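Structure record follows, encoded as structure tokens.
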Amino acid sequence: MKYWRSATNVFWRSSIYAVVISSNLVVAEEARISLLKMAISEHRANLAKLETWQGQVELEDRRSGENGSVQTINSTVEFVYDRNSNATRWNTTYLGEQLSRGEGVLPIPGIMNAMRKDGAMWRLGWPIAIAQERSGPREVLIYPEELRAGGMISFDFDPLHYFGTNGQLVSDRLSHLLSNIESLPANSFAVDRAGSRVTCLLTSNKGRNIERYEIDLQRGGNLVYMNGADERVKEECRLEFEEQGGVWVPRMFHFSNANLRTGVRMNRTAQWTVNAVNEELGPEMFSLAALGASAGDRVTDTRTGTVTLFKGLSDEKGTEEPNSRLRTAFVLVNIGLLVIVLAAAAIISFRRSRNIK
């Protein structure tokens, strides 16, 4: 009888403990979901208030090569964004380049300014063959938007990249994690809150791969810190935001990327010196002239194979160049070289593969 009572007590204690543990797991799961939804909501609400945005950014890009060489490029970017027309333009002025300790570093890109509108990319620069000389007639290449370079340290400065990481809005990243939360056990995906900051920590491969995001709910639900690592690459990102016109926008950004196998390091620091939000913009802000095109520059539409000459401020479509169809082969070669450049830029950036696809 005593043995039966002892066994019964053990059974009931185990059952109670199991119920408590199960209840705690449910609470933890609900807390993760609640915090994720809160961060997503804050971020999207902040972006919903951003109708137009224009400003100026001082950039410093530094790359340390495998052979010990160091390249530093300083530039100024003027940008403008209009949500209603889904258009963005950025004009880059290179201020200087410093090289030290050997050769083998990347040259300053020959492509200067770019614009995204009407579902296409418009890119102004010297043809690749004369990009290093940076002189003579320039060319505007128009091609499908999906061929644009991405990421925070590419030579394409898309201001919206700084509302997320690696070209993905932080709310979209969190939404993806939320939709896959059932396959992410608590011991590999933790969500916590301290003050106004929500921290998401994702681990895999026995803790060797990590992604950490810190979102500040009092600063528009924006990403203020990120770090990630796997066996090949380590990344870290810090952002500061300021409120302009009721919208939280970036004012400082620092990003570092290190290849743990080769020792190559890439760093970018961005400082916003001008931030203007929700001021009225006219269509001229997204014109060929605003892009920086000058009279005599070629405009090559890779989608149709046509080549026109830009005449000046009153000319937005260009005048078709005589025998422009004969340049189709040249255009295709130029596109091929451009794609190679974009692919090389993507490889050099050493962006981490996502743990969750």
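Ligands are numbered from 1 in the order shown, chains are lettered A, B, ... in the order of the structure tokens, and residues start at 1 in each chain.
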
If you count only C-alpha atoms, which residues fall within 7 Å of Leu59 in chain A, apart from same-chain ones fewer than 6 positions away, as a CSV table (one decimal) with N, CA and C atoms, in the first residue's frame?
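Written out: result_29.csv:
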chain,number,residue,atom,x,y,z
A,74,ASN,N,36.2,58.1,-50.3
A,74,ASN,CA,35.2,59.0,-49.8
A,74,ASN,C,34.3,59.6,-50.8
A,75,SER,N,33.0,59.7,-50.5
A,75,SER,CA,32.1,60.2,-51.5
A,75,SER,C,30.9,60.9,-50.8
A,76,THR,N,30.2,61.7,-51.6
A,76,THR,CA,29.0,62.3,-51.2
A,76,THR,C,27.9,61.9,-52.1
A,269,THR,N,30.9,53.6,-43.5
A,269,THR,CA,30.4,54.5,-42.6
A,269,THR,C,29.6,55.6,-43.4
A,270,ALA,N,28.3,55.8,-43.0
A,270,ALA,CA,27.5,56.8,-43.6
A,270,ALA,C,27.0,57.8,-42.6
A,271,GLN,N,27.1,59.1,-42.9
A,271,GLN,CA,26.6,60.1,-42.0
A,271,GLN,C,25.7,61.0,-42.8

Tell me, as a PDB file with C-alpha atoms, in the first residue's frame, which residues lie within 9 Å of Ile33 in chain A, counting only C-alpha atoms; anything in the same chain fewer than 4 positions away does not count.
ATOM      1  CA  ALA A  28       6.985  31.776 -24.210  1.00  0.00           C
ATOM      2  CA  GLU A  29       5.589  31.086 -27.668  1.00  0.00           C
ATOM      3  CA  LYS A  37       4.089  41.508 -34.225  1.00  0.00           C
ATOM      4  CA  MET A  38       4.754  44.638 -32.176  1.00  0.00           C
ATOM      5  CA  LEU A 178       7.048  34.963 -37.791  1.00  0.00           C
ATOM      6  CA  ILE A 181       7.997  30.363 -36.116  1.00  0.00           C
ATOM      7  CA  VAL A 191      12.835  36.948 -28.800  1.00  0.00           C
TER       8      VAL A 191
END

Excluding same-chain residues fewer than 5 positions from Asn205 in chain A, what lies within 10 Å of it counting only C-alpha atoms, as a PyMOL selection string?
chain A and resi 188+210+230-231+355

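Considering the residues A:Val274, A:Val264, A:Leu217, A:Val299 and counting only C-alpha atoms, Asn67 in chain A has its shortest atom-to-atom contact with A:Val264.
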
Using only C-alpha atoms, determine which residues lie at most 7 Å from His43 in chain A, disregarding the query and same-chain residues fewer than 3 positions distant; provide the list as an NGL selection string.
:A and (39-40 or 46-47 or 171 or 220-222)

Let me see the file: selected residues, N, CA and C atoms, as a PDB file, in the first residue's frame.
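part.pdb, written as the output of this step:
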ATOM      1  N   ALA A  39       7.009  44.679 -33.152  1.00  0.00           N
ATOM      2  CA  ALA A  39       8.115  45.275 -33.899  1.00  0.00           C
ATOM      3  C   ALA A  39       7.744  45.488 -35.362  1.00  0.00           C
ATOM      4  N   ILE A  40       7.082  44.510 -35.958  1.00  0.00           N
ATOM      5  CA  ILE A  40       6.660  44.626 -37.360  1.00  0.00           C
ATOM      6  C   ILE A  40       5.696  45.794 -37.524  1.00  0.00           C
ATOM      7  N   ASN A  46       5.863  53.397 -39.194  1.00  0.00           N
ATOM      8  CA  ASN A  46       6.820  54.479 -39.434  1.00  0.00           C
ATOM      9  C   ASN A  46       7.037  54.692 -40.931  1.00  0.00           C
ATOM     10  N   LEU A  47       7.239  53.610 -41.670  1.00  0.00           N
ATOM     11  CA  LEU A  47       7.461  53.729 -43.115  1.00  0.00           C
ATOM     12  C   LEU A  47       6.227  54.260 -43.837  1.00  0.00           C
ATOM     13  N   SER A 171      11.068  44.823 -41.221  1.00  0.00           N
ATOM     14  CA  SER A 171       9.721  44.280 -40.988  1.00  0.00           C
ATOM     15  C   SER A 171       9.450  43.076 -41.868  1.00  0.00           C
ATOM     16  N   GLY A 220      10.718  54.266 -34.238  1.00  0.00           N
ATOM     17  CA  GLY A 220      10.061  53.812 -35.455  1.00  0.00           C
ATOM     18  C   GLY A 220      10.175  52.330 -35.732  1.00  0.00           C
ATOM     19  N   GLY A 221      10.475  51.536 -34.696  1.00  0.00           N
ATOM     20  CA  GLY A 221      10.630  50.099 -34.921  1.00  0.00           C
ATOM     21  C   GLY A 221      11.781  49.789 -35.850  1.00  0.00           C
ATOM     22  N   ASN A 222      12.793  50.656 -35.870  1.00  0.00           N
ATOM     23  CA  ASN A 222      13.914  50.489 -36.792  1.00  0.00           C
ATOM     24  C   ASN A 222      15.013  49.612 -36.214  1.00  0.00           C
TER      25      ASN A 222
END

Tell me which protein, DNA and RNA residues are within 9 Å of Glu243 in chain A, counting only C-alpha atoms, leaving out same-chain ones fewer than 6 positions away, and put them as a CSV table (one decimal) with N, CA and C atoms, in the first residue's frame.
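Everything below was put into result_22.csv:
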chain,number,residue,atom,x,y,z
A,219,ARG,N,12.0,54.3,-31.7
A,219,ARG,CA,12.6,54.9,-32.9
A,219,ARG,C,12.0,54.3,-34.2
A,220,GLY,N,10.7,54.3,-34.2
A,220,GLY,CA,10.1,53.8,-35.5
A,220,GLY,C,10.2,52.3,-35.7
A,249,VAL,N,14.1,58.5,-39.4
A,249,VAL,CA,15.0,58.2,-40.6
A,249,VAL,C,16.4,58.1,-40.1
A,250,PRO,N,17.3,57.4,-40.9
A,250,PRO,CA,18.7,57.2,-40.4
A,250,PRO,C,19.5,58.5,-40.4

Report as a ChimeraX atom specification: the residues of range 124-322 of chain A with a DSSP assignment of helix (DSSP H, G or I), based on the backbone of this structure.
/A:128-130,145-147,159-163,170-179,181-183,217-219,283-286,288-291

Just the selected residues (N, CA and C atoms), exported as a JSON list (two decimals), in the first residue's frame, please.
[["chain", "number", "residue", "atom", "x", "y", "z"],
["A", 128, "ILE", "N", 32.13, 51.20, -69.87],
["A", 128, "ILE", "CA", 33.14, 50.46, -69.11],
["A", 128, "ILE", "C", 34.52, 50.58, -69.74],
["A", 129, "ALA", "N", 34.58, 50.68, -71.06],
["A", 129, "ALA", "CA", 35.88, 50.72, -71.74],
["A", 129, "ALA", "C", 36.69, 51.94, -71.35],
["A", 130, "ILE", "N", 36.04, 53.06, -70.97],
["A", 130, "ILE", "CA", 36.77, 54.27, -70.62],
["A", 130, "ILE", "C", 36.48, 54.71, -69.19],
["A", 145, "GLU", "N", 14.65, 46.45, -63.61],
["A", 145, "GLU", "CA", 15.02, 46.78, -62.24],
["A", 145, "GLU", "C", 15.68, 45.62, -61.50],
["A", 146, "GLU", "N", 15.31, 44.40, -61.83],
["A", 146, "GLU", "CA", 15.84, 43.26, -61.08],
["A", 146, "GLU", "C", 17.34, 43.07, -61.24],
["A", 147, "LEU", "N", 17.96, 43.76, -62.20],
["A", 147, "LEU", "CA", 19.40, 43.63, -62.40],
["A", 147, "LEU", "C", 20.20, 44.61, -61.54],
["A", 159, "PRO", "N", 18.44, 54.50, -50.52],
["A", 159, "PRO", "CA", 18.25, 54.90, -49.11],
["A", 159, "PRO", "C", 17.35, 53.97, -48.32],
["A", 160, "LEU", "N", 16.43, 53.27, -48.99],
["A", 160, "LEU", "CA", 15.54, 52.36, -48.28],
["A", 160, "LEU", "C", 16.27, 51.15, -47.71],
["A", 161, "HIS", "N", 17.47, 50.85, -48.24],
["A", 161, "HIS", "CA", 18.24, 49.74, -47.69],
["A", 161, "HIS", "C", 18.54, 49.95, -46.21],
["A", 162, "TYR", "N", 18.57, 51.22, -45.78],
["A", 162, "TYR", "CA", 18.97, 51.51, -44.40],
["A", 162, "TYR", "C", 17.80, 51.40, -43.42],
["A", 163, "PHE", "N", 16.67, 50.94, -43.92],
["A", 163, "PHE", "CA", 15.56, 50.57, -43.05],
["A", 163, "PHE", "C", 15.52, 49.06, -42.85],
["A", 170, "VAL", "N", 13.50, 45.46, -42.41],
["A", 170, "VAL", "CA", 13.52, 44.68, -41.18],
["A", 170, "VAL", "C", 12.14, 44.10, -40.89],
["A", 171, "SER", "N", 11.07, 44.82, -41.22],
["A", 171, "SER", "CA", 9.72, 44.28, -40.99],
["A", 171, "SER", "C", 9.45, 43.08, -41.87],
["A", 172, "ASP", "N", 9.99, 43.07, -43.08],
["A", 172, "ASP", "CA", 9.83, 41.90, -43.96],
["A", 172, "ASP", "C", 10.61, 40.71, -43.42],
["A", 173, "ARG", "N", 11.81, 40.98, -42.89],
["A", 173, "ARG", "CA", 12.61, 39.89, -42.31],
["A", 173, "ARG", "C", 11.90, 39.29, -41.10],
["A", 174, "LEU", "N", 11.39, 40.15, -40.22],
["A", 174, "LEU", "CA", 10.70, 39.65, -39.04],
["A", 174, "LEU", "C", 9.41, 38.94, -39.41],
["A", 175, "SER", "N", 8.72, 39.43, -40.44],
["A", 175, "SER", "CA", 7.50, 38.78, -40.90],
["A", 175, "SER", "C", 7.80, 37.39, -41.42],
["A", 176, "HIS", "N", 8.93, 37.24, -42.11],
["A", 176, "HIS", "CA", 9.33, 35.92, -42.59],
["A", 176, "HIS", "C", 9.60, 34.97, -41.42],
["A", 177, "LEU", "N", 10.29, 35.48, -40.40],
["A", 177, "LEU", "CA", 10.56, 34.64, -39.23],
["A", 177, "LEU", "C", 9.25, 34.28, -38.52],
["A", 178, "LEU", "N", 8.33, 35.23, -38.45],
["A", 178, "LEU", "CA", 7.05, 34.96, -37.79],
["A", 178, "LEU", "C", 6.27, 33.87, -38.52],
["A", 179, "SER", "N", 6.28, 33.92, -39.83],
["A", 179, "SER", "CA", 5.55, 32.91, -40.60],
["A", 179, "SER", "C", 6.17, 31.52, -40.48],
["A", 181, "ILE", "N", 7.67, 30.50, -37.53],
["A", 181, "ILE", "CA", 8.00, 30.36, -36.12],
["A", 181, "ILE", "C", 7.75, 28.94, -35.60],
["A", 182, "GLU", "N", 6.82, 28.23, -36.19],
["A", 182, "GLU", "CA", 6.55, 26.87, -35.73],
["A", 182, "GLU", "C", 7.74, 25.94, -35.98],
["A", 183, "SER", "N", 8.54, 26.27, -36.98],
["A", 183, "SER", "CA", 9.72, 25.44, -37.27],
["A", 183, "SER", "C", 10.97, 25.97, -36.58],
["A", 217, "LEU", "N", 11.67, 50.16, -30.47],
["A", 217, "LEU", "CA", 10.26, 50.49, -30.65],
["A", 217, "LEU", "C", 9.99, 51.98, -30.51],
["A", 218, "GLN", "N", 10.88, 52.71, -29.83],
["A", 218, "GLN", "CA", 10.70, 54.15, -29.66],
["A", 218, "GLN", "C", 11.34, 54.95, -30.79],
["A", 219, "ARG", "N", 11.95, 54.27, -31.73],
["A", 219, "ARG", "CA", 12.56, 54.94, -32.88],
["A", 219, "ARG", "C", 12.02, 54.33, -34.19],
["A", 283, "PRO", "N", 7.96, 66.07, -60.81],
["A", 283, "PRO", "CA", 8.48, 65.01, -61.68],
["A", 283, "PRO", "C", 9.88, 65.30, -62.20],
["A", 284, "GLU", "N", 10.29, 66.57, -62.20],
["A", 284, "GLU", "CA", 11.63, 66.91, -62.69],
["A", 284, "GLU", "C", 12.73, 66.34, -61.79],
["A", 285, "MET", "N", 12.36, 65.94, -60.57],
["A", 285, "MET", "CA", 13.36, 65.35, -59.68],
["A", 285, "MET", "C", 13.80, 63.98, -60.15],
["A", 286, "PHE", "N", 13.05, 63.38, -61.08],
["A", 286, "PHE", "CA", 13.38, 62.05, -61.59],
["A", 286, "PHE", "C", 13.55, 62.09, -63.11],
["A", 288, "LEU", "N", 16.10, 62.87, -66.66],
["A", 288, "LEU", "CA", 17.46, 62.62, -67.12],
["A", 288, "LEU", "C", 18.39, 63.74, -66.69],
["A", 289, "ALA", "N", 17.88, 64.97, -66.72],
["A", 289, "ALA", "CA", 18.71, 66.10, -66.31],
["A", 289, "ALA", "C", 19.07, 65.99, -64.83],
["A", 290, "ALA", "N", 18.08, 65.61, -63.98],
["A", 290, "ALA", "CA", 18.35, 65.44, -62.56],
["A", 290, "ALA", "C", 19.33, 64.31, -62.31],
["A", 291, "LEU", "N", 19.27, 63.29, -63.16],
["A", 291, "LEU", "CA", 20.21, 62.17, -63.06],
["A", 291, "LEU", "C", 21.64, 62.63, -63.34]]

DSSP-assigned strand (DSSP E or B) members of range 197-325 of chain A, reported as a ChimeraX atom specification:
/A:197-204,209-216,222-229,233-244,247-259,265-277,298-301,306-309,319-320

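Computed from the coordinates, the CA of Arg238 in chain A to CA of Glu60 in chain A distance equals 14.9 Å.
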
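Minimum atom-to-atom distances from A:Gly164, A:Gly125, A:Gly246, A:Gly282 to Ser294 in chain A were compared using only C-alpha atoms, and the lowest value belongs to A:Gly125.
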
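Residues surrounding Leu99 in chain A within 8 Å are A:Ser69, A:Val70, A:Gln71, A:Thr72 [only C-alpha atoms; sequence separation below 6 positions excluded].
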
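From CA of Ser287 in chain A back to CA of Asn113 in chain A, the distance works out to 12.2 Å.
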